[in-house]
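Following: one structure in structure tokens, then a few remarks.
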Amino acid sequence: MFHTVSNFLFHQPKFVFRNADDNVISFENELVKIYFSRMGDLLTSLDRSPFGSFALDDRASKNDLLSIISEIEDWSRAKGVNSLIIRSFPEIYQPHHSLLVKNSLLATGFAIKYCDLTQAIPVSKEKISLNTHKKRRVRKAEALGFSFRLLPAEFIEESYQLIVESRQHKNYPVTMSLADLTYTFKLFPDAYFLFGLFDKNRLIATAVSISVNAEIMYCFYIGDDLAYRTYSPVTPLVNGIYQFCQMNNYKILDLGISTDKGVLNKGLYDFKKSFGTLDSDKFTYIKQF
């Protein structure tokens with residue numbers, strides 16, 4: 001049994017093996033475990049999750065990691081695998097473990113393929129740290145009677161349509177189908193949350209958020225009604241999610257990466273920064289034989 005809160009949802013077998021057709025290969029010892037997806041001569045940890053990498057017990061040392069990395073490489077050579085990719089978690093999630101993983105991988109010949117930038121809000125007893133413009137947006141939303149709600153599963157389809165419309169407008173990909181999203185909500189009812197901002201009975205902004213563990217909430221998808229863009233409904237929506245995190249003792253609200261394979265989206269970065277986010281590296285490592 002691992003003794004650390006950094007045993008994230010995305011490391012749990014129920015999540016890793018949620019799709020029966022996934023070709024998943026696992027390696028583990030008493031203190032370290034990792035899952036890979038195999039595609040031909042490539043192993044990726046993990047390709048259908050926000051991240052993979054190593055799940056570590058608090059007692060794990062660099063030697064424990066080096067031992068399992070050696071096992072992975074030996075297995076790969078014997079099975080015709082010539083490339084390993086490890087997509088790690090944001091450093092802010094667990095700084096000590098992140099550094100341990102980084103040092104161990106670099107010491108064994110891995111290189112950093114991408115350094116993505118995650119932006120996260122530290123959750124405290126204080127109000128969210130909005131800039132002056134964002135504070136006006138929240139006050140305007142309150143004056144207009146916009147209301148924030150935690151939504152039941154019946155709103156998934158309506159929320160998904162809003163997310164798709166919003167992301168297509170920004171030329172962002174939608175990585176999950178409605179069927180996949182609905183299935184995942186059913187599979188993890190205590191970890192997946194749907195939030196909404198309403199103008200009376202009209203849904204004008206929505207977010208799919210994931211409880212990564214007891215301390216971290218991750219905004220996976222955010223979408224808003226294009227007709228309401230002038231009101232910036234995402235601002236009061238994020239403010240509401242932050243308050244939800246406060247009430248439920250979360251320490252971090254992760255707004256996701258603002259890069260694509262290491263390339264910064266300046267507009268997206270600046271938007272998230274206006275919420276008082278901290279920058280955190282999220283590394284993707286590679287090794288080729």
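Note on naming: chains are A, B, ... as they come in the structure tokens, residues start from 1 per chain, ligands start from 1 in the order shown.
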Which of stretch 18-110 of chain A fall in strand (DSSP E), as an MDAnalysis selection string: chainID A and resid 24:28 32:39 42:45 54:56 83:87
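Counting only C-alpha atoms, A:Phe51 has the following residues at most 9 Å away, ignoring those fewer than 2 positions along the same chain: Phe10, His11, Ser45, Leu46, Asp47, Arg48, Ser49, Ser53, Ile86, Arg87, Ser88, Phe89 and Pro90 of chain A.
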Limited to C-alpha atoms, could you put the picked residues into a file as a PDB file, in the first residue's frame?
ATOM      1  CA  PHE A  10      -4.500   8.782 -13.203  1.00  0.00           C
ATOM      2  CA  HIS A  11      -2.148   6.231 -11.586  1.00  0.00           C
ATOM      3  CA  SER A  45       3.358   6.466 -20.034  1.00  0.00           C
ATOM      4  CA  LEU A  46       0.550   7.224 -20.680  1.00  0.00           C
ATOM      5  CA  ASP A  47      -0.984   8.275 -23.988  1.00  0.00           C
ATOM      6  CA  ARG A  48      -4.694   8.407 -23.058  1.00  0.00           C
ATOM      7  CA  SER A  49      -4.331  10.164 -19.707  1.00  0.00           C
ATOM      8  CA  SER A  53       5.020   8.624 -15.067  1.00  0.00           C
ATOM      9  CA  ILE A  86       7.255   9.233 -20.024  1.00  0.00           C
ATOM     10  CA  ARG A  87       4.724  12.057 -19.605  1.00  0.00           C
ATOM     11  CA  SER A  88       5.154  13.283 -16.055  1.00  0.00           C
ATOM     12  CA  PHE A  89       2.858  15.177 -13.691  1.00  0.00           C
ATOM     13  CA  PRO A  90       3.236  18.934 -13.055  1.00  0.00           C
TER      14      PRO A  90
END
When you look at stretch 193-199 of chain A with a cut-off of 9 Å (counting only C-alpha atoms), what residues show up, excluding the ones that are within fewer than 4 positions of it in the same chain? I need them as an mmCIF file with N, CA and C atoms, in the first residue's frame.
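The resulting file, selection_19.cif, is shown below:
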data_model
loop_
_atom_site.group_PDB
_atom_site.id
_atom_site.type_symbol
_atom_site.label_atom_id
_atom_site.label_comp_id
_atom_site.auth_asym_id
_atom_site.auth_seq_id
_atom_site.Cartn_x
_atom_site.Cartn_y
_atom_site.Cartn_z
ATOM 1 N N LEU A 144 -25.630 41.066 -12.553
ATOM 2 C CA LEU A 144 -26.531 40.533 -13.577
ATOM 3 C C LEU A 144 -27.293 39.298 -13.112
ATOM 4 N N GLY A 145 -26.956 38.802 -11.931
ATOM 5 C CA GLY A 145 -27.654 37.647 -11.381
ATOM 6 C C GLY A 145 -27.177 36.306 -11.904
ATOM 7 N N PHE A 146 -25.975 36.267 -12.497
ATOM 8 C CA PHE A 146 -25.416 34.989 -12.945
ATOM 9 C C PHE A 146 -25.195 34.101 -11.720
ATOM 10 N N SER A 147 -25.473 32.827 -11.861
ATOM 11 C CA SER A 147 -25.355 31.915 -10.719
ATOM 12 C C SER A 147 -24.438 30.740 -11.042
ATOM 13 N N PHE A 148 -23.612 30.380 -10.084
ATOM 14 C CA PHE A 148 -22.683 29.249 -10.201
ATOM 15 C C PHE A 148 -23.318 28.014 -9.571
ATOM 16 N N ARG A 149 -23.176 26.850 -10.236
ATOM 17 C CA ARG A 149 -23.770 25.623 -9.719
ATOM 18 C C ARG A 149 -22.865 24.415 -9.969
ATOM 19 N N LEU A 150 -22.926 23.476 -9.043
ATOM 20 C CA LEU A 150 -22.392 22.131 -9.269
ATOM 21 C C LEU A 150 -23.499 21.348 -9.956
ATOM 22 N N LEU A 151 -23.209 20.790 -11.136
ATOM 23 C CA LEU A 151 -24.257 20.225 -11.974
ATOM 24 C C LEU A 151 -24.345 18.709 -11.854
ATOM 25 N N PRO A 152 -25.562 18.175 -11.945
ATOM 26 C CA PRO A 152 -25.731 16.715 -12.013
ATOM 27 C C PRO A 152 -25.367 16.198 -13.395
ATOM 28 N N ALA A 153 -25.268 14.890 -13.509
ATOM 29 C CA ALA A 153 -24.823 14.262 -14.758
ATOM 30 C C ALA A 153 -25.750 14.535 -15.936
ATOM 31 N N PHE A 155 -26.567 17.158 -17.131
ATOM 32 C CA PHE A 155 -26.109 18.313 -17.891
ATOM 33 C C PHE A 155 -24.880 18.010 -18.749
ATOM 34 N N ILE A 156 -24.408 16.779 -18.768
ATOM 35 C CA ILE A 156 -23.181 16.462 -19.498
ATOM 36 C C ILE A 156 -23.307 16.787 -20.985
ATOM 37 N N SER A 159 -23.405 20.566 -21.574
ATOM 38 C CA SER A 159 -22.088 21.119 -21.278
ATOM 39 C C SER A 159 -21.083 20.755 -22.368
ATOM 40 N N PHE A 185 -17.569 9.748 -16.418
ATOM 41 C CA PHE A 185 -18.333 10.289 -15.286
ATOM 42 C C PHE A 185 -19.019 9.165 -14.506
ATOM 43 N N PRO A 189 -17.687 8.599 -10.332
ATOM 44 C CA PRO A 189 -18.661 9.615 -9.903
ATOM 45 C C PRO A 189 -18.167 10.515 -8.778
ATOM 46 N N LEU A 203 -27.374 27.968 -19.581
ATOM 47 C CA LEU A 203 -25.981 27.628 -19.263
ATOM 48 C C LEU A 203 -25.071 28.458 -20.156
ATOM 49 N N ILE A 204 -24.229 29.302 -19.549
ATOM 50 C CA ILE A 204 -23.381 30.203 -20.335
ATOM 51 C C ILE A 204 -21.886 29.903 -20.188
ATOM 52 N N ALA A 205 -21.530 29.083 -19.236
ATOM 53 C CA ALA A 205 -20.136 28.624 -19.100
ATOM 54 C C ALA A 205 -20.134 27.340 -18.304
ATOM 55 N N THR A 206 -19.181 26.479 -18.605
ATOM 56 C CA THR A 206 -19.155 25.172 -17.945
ATOM 57 C C THR A 206 -17.724 24.662 -17.849
ATOM 58 N N ALA A 207 -17.495 23.763 -16.901
ATOM 59 C CA ALA A 207 -16.168 23.175 -16.730
ATOM 60 C C ALA A 207 -16.296 21.732 -16.274
ATOM 61 N N VAL A 208 -15.537 20.857 -16.914
ATOM 62 C CA VAL A 208 -15.329 19.503 -16.431
ATOM 63 C C VAL A 208 -14.060 19.529 -15.595
ATOM 64 N N SER A 209 -14.171 19.186 -14.328
ATOM 65 C CA SER A 209 -13.019 19.215 -13.435
ATOM 66 C C SER A 209 -12.832 17.850 -12.791
ATOM 67 N N ILE A 210 -11.578 17.518 -12.509
ATOM 68 C CA ILE A 210 -11.237 16.188 -12.019
ATOM 69 C C ILE A 210 -10.514 16.304 -10.688
ATOM 70 N N SER A 211 -10.962 15.539 -9.716
ATOM 71 C CA SER A 211 -10.274 15.453 -8.432
ATOM 72 C C SER A 211 -9.104 14.486 -8.600
ATOM 73 N N ASP A 224 -17.457 28.237 -22.915
ATOM 74 C CA ASP A 224 -18.414 29.299 -22.643
ATOM 75 C C ASP A 224 -19.229 29.615 -23.885
ATOM 76 N N PRO A 233 -17.751 35.065 -18.957
ATOM 77 C CA PRO A 233 -18.367 34.190 -17.950
ATOM 78 C C PRO A 233 -17.417 33.162 -17.339
ATOM 79 N N VAL A 234 -16.297 32.891 -18.015
ATOM 80 C CA VAL A 234 -15.321 31.952 -17.450
ATOM 81 C C VAL A 234 -14.740 32.501 -16.145
ATOM 82 N N PRO A 236 -16.233 34.375 -13.536
ATOM 83 C CA PRO A 236 -17.009 33.965 -12.361
ATOM 84 C C PRO A 236 -17.114 32.448 -12.215
ATOM 85 N N LEU A 237 -17.007 31.723 -13.336
ATOM 86 C CA LEU A 237 -17.017 30.262 -13.259
ATOM 87 C C LEU A 237 -15.798 29.760 -12.490
ATOM 88 N N GLY A 240 -16.038 30.504 -8.891
ATOM 89 C CA GLY A 240 -16.911 29.556 -8.203
ATOM 90 C C GLY A 240 -16.222 28.227 -7.927
ATOM 91 N N ILE A 241 -15.420 27.758 -8.887
ATOM 92 C CA ILE A 241 -14.688 26.504 -8.686
ATOM 93 C C ILE A 241 -13.665 26.672 -7.569
#
So that I can check the secondary structure, give me every residue of stretch 64-281 of chain A assigned helix (DSSP H, G or I) by backbone DSSP, as an mmCIF file with C-alpha atoms, in the first residue's frame.
data_model
loop_
_atom_site.group_PDB
_atom_site.id
_atom_site.type_symbol
_atom_site.label_atom_id
_atom_site.label_comp_id
_atom_site.auth_asym_id
_atom_site.auth_seq_id
_atom_site.Cartn_x
_atom_site.Cartn_y
_atom_site.Cartn_z
ATOM 1 C CA ASP A 64 14.306 2.209 -6.250
ATOM 2 C CA LEU A 65 13.639 4.237 -9.393
ATOM 3 C CA LEU A 66 16.909 3.262 -11.053
ATOM 4 C CA SER A 67 16.112 -0.393 -10.439
ATOM 5 C CA ILE A 68 12.710 -0.228 -12.118
ATOM 6 C CA ILE A 69 14.051 1.886 -15.008
ATOM 7 C CA SER A 70 16.634 -0.831 -15.646
ATOM 8 C CA GLU A 71 13.867 -3.454 -15.613
ATOM 9 C CA ILE A 72 11.831 -1.412 -18.112
ATOM 10 C CA GLU A 73 14.797 -1.065 -20.460
ATOM 11 C CA ASP A 74 15.683 -4.762 -20.286
ATOM 12 C CA TRP A 75 12.074 -5.751 -21.034
ATOM 13 C CA SER A 76 11.890 -3.238 -23.895
ATOM 14 C CA ARG A 77 15.017 -4.516 -25.591
ATOM 15 C CA ALA A 78 13.797 -8.107 -25.290
ATOM 16 C CA GLU A 91 6.020 19.684 -10.600
ATOM 17 C CA ILE A 92 3.667 21.605 -8.318
ATOM 18 C CA TYR A 93 1.672 18.426 -7.641
ATOM 19 C CA PRO A 95 7.811 18.771 -5.997
ATOM 20 C CA HIS A 96 10.001 16.205 -4.208
ATOM 21 C CA HIS A 97 8.760 13.274 -6.283
ATOM 22 C CA SER A 98 8.963 15.295 -9.488
ATOM 23 C CA LEU A 99 12.624 16.117 -8.824
ATOM 24 C CA LEU A 100 13.373 12.502 -7.919
ATOM 25 C CA VAL A 101 11.832 11.311 -11.204
ATOM 26 C CA LYS A 102 13.672 13.980 -13.202
ATOM 27 C CA ASN A 103 17.077 13.208 -11.696
ATOM 28 C CA SER A 104 16.622 9.458 -12.101
ATOM 29 C CA LEU A 105 15.533 9.658 -15.739
ATOM 30 C CA LEU A 106 18.268 12.096 -16.761
ATOM 31 C CA ALA A 107 20.857 9.921 -14.990
ATOM 32 C CA THR A 132 -8.487 44.421 -11.144
ATOM 33 C CA HIS A 133 -10.143 43.637 -14.482
ATOM 34 C CA LYS A 134 -11.186 40.165 -13.344
ATOM 35 C CA LYS A 135 -12.619 41.530 -10.078
ATOM 36 C CA ARG A 136 -14.855 43.852 -12.105
ATOM 37 C CA ARG A 137 -16.018 40.867 -14.170
ATOM 38 C CA VAL A 138 -17.038 38.977 -11.024
ATOM 39 C CA ARG A 139 -18.926 42.008 -9.656
ATOM 40 C CA LYS A 140 -20.663 42.479 -13.017
ATOM 41 C CA ALA A 141 -21.730 38.818 -13.054
ATOM 42 C CA GLU A 142 -23.176 39.175 -9.556
ATOM 43 C CA ALA A 143 -25.050 42.341 -10.575
ATOM 44 C CA ALA A 153 -24.823 14.262 -14.758
ATOM 45 C CA GLU A 154 -27.947 15.183 -16.759
ATOM 46 C CA PHE A 155 -26.109 18.313 -17.891
ATOM 47 C CA ILE A 156 -23.181 16.462 -19.498
ATOM 48 C CA GLU A 157 -24.529 16.609 -23.047
ATOM 49 C CA GLU A 158 -25.431 20.317 -22.869
ATOM 50 C CA SER A 159 -22.088 21.119 -21.278
ATOM 51 C CA TYR A 160 -20.208 19.066 -23.853
ATOM 52 C CA GLN A 161 -21.868 20.947 -26.716
ATOM 53 C CA LEU A 162 -20.807 24.251 -25.144
ATOM 54 C CA ILE A 163 -17.241 22.971 -24.682
ATOM 55 C CA VAL A 164 -17.006 21.762 -28.297
ATOM 56 C CA GLU A 165 -18.351 25.054 -29.661
ATOM 57 C CA SER A 166 -15.953 27.067 -27.517
ATOM 58 C CA ARG A 167 -12.872 24.985 -28.321
ATOM 59 C CA GLN A 168 -13.600 24.886 -32.053
ATOM 60 C CA HIS A 169 -13.881 28.672 -32.025
ATOM 61 C CA LEU A 178 -19.432 12.675 -25.579
ATOM 62 C CA ALA A 179 -19.766 8.905 -25.117
ATOM 63 C CA ASP A 180 -16.282 8.672 -23.559
ATOM 64 C CA LEU A 181 -16.930 11.609 -21.249
ATOM 65 C CA THR A 182 -20.279 10.212 -20.127
ATOM 66 C CA TYR A 183 -18.733 6.805 -19.492
ATOM 67 C CA THR A 184 -15.908 8.307 -17.448
ATOM 68 C CA PHE A 185 -18.333 10.289 -15.286
ATOM 69 C CA LYS A 186 -20.205 7.065 -14.566
ATOM 70 C CA LEU A 187 -17.006 5.187 -13.800
ATOM 71 C CA LEU A 226 -19.913 32.756 -27.529
ATOM 72 C CA ALA A 227 -22.887 35.122 -27.223
ATOM 73 C CA TYR A 228 -21.769 35.950 -23.658
ATOM 74 C CA ARG A 229 -18.066 36.513 -24.369
ATOM 75 C CA THR A 230 -18.383 40.218 -23.623
ATOM 76 C CA TYR A 231 -19.180 39.284 -19.984
ATOM 77 C CA VAL A 234 -15.321 31.952 -17.450
ATOM 78 C CA THR A 235 -14.102 34.419 -14.822
ATOM 79 C CA PRO A 236 -17.009 33.965 -12.361
ATOM 80 C CA LEU A 237 -17.017 30.262 -13.259
ATOM 81 C CA VAL A 238 -13.389 29.821 -12.158
ATOM 82 C CA ASN A 239 -14.100 31.959 -9.098
ATOM 83 C CA GLY A 240 -16.911 29.556 -8.203
ATOM 84 C CA ILE A 241 -14.688 26.504 -8.686
ATOM 85 C CA TYR A 242 -12.067 28.108 -6.447
ATOM 86 C CA GLN A 243 -14.690 28.599 -3.721
ATOM 87 C CA PHE A 244 -15.730 24.954 -4.147
ATOM 88 C CA CYS A 245 -12.089 23.975 -3.635
ATOM 89 C CA GLN A 246 -11.924 26.111 -0.491
ATOM 90 C CA MET A 247 -15.003 24.441 0.974
ATOM 91 C CA LYS A 266 0.785 33.705 -24.893
ATOM 92 C CA GLY A 267 -2.873 34.745 -24.931
ATOM 93 C CA LEU A 268 -3.952 31.694 -22.958
ATOM 94 C CA TYR A 269 -1.039 32.130 -20.555
ATOM 95 C CA ASP A 270 -1.912 35.767 -19.866
ATOM 96 C CA PHE A 271 -5.583 34.921 -19.336
ATOM 97 C CA LYS A 272 -4.774 32.292 -16.712
ATOM 98 C CA LYS A 273 -2.144 34.516 -15.102
#
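Of the listed residues (A:Tyr221, A:Phe188, A:Phe17, A:Phe289), A:Phe289 comes nearest to A:Thr108; the distances count only C-alpha atoms.
A straight line drawn from atom CA of A:Gly80 to atom CA of A:Ala111 is 20.5 Å long.
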Spatial neighbours of A:Ser37, max dist 7 Å, only C-alpha atoms, sep filter under 2 positions, as an MDAnalysis selection string: chainID A and resid 23:25 35 39 43:47
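For the choices A:Asn7, A:Asn29, A:Asn171, A:Thr118, the atom-to-atom distance to A:Leu264 is smallest for A:Thr118 when using only C-alpha atoms.
In terms of minimum interatomic distance to A:Asp254, A:Ser280 ranks closest within A:Ser124, A:Ser232, A:Asn131, A:Ser280, counting only C-alpha atoms.
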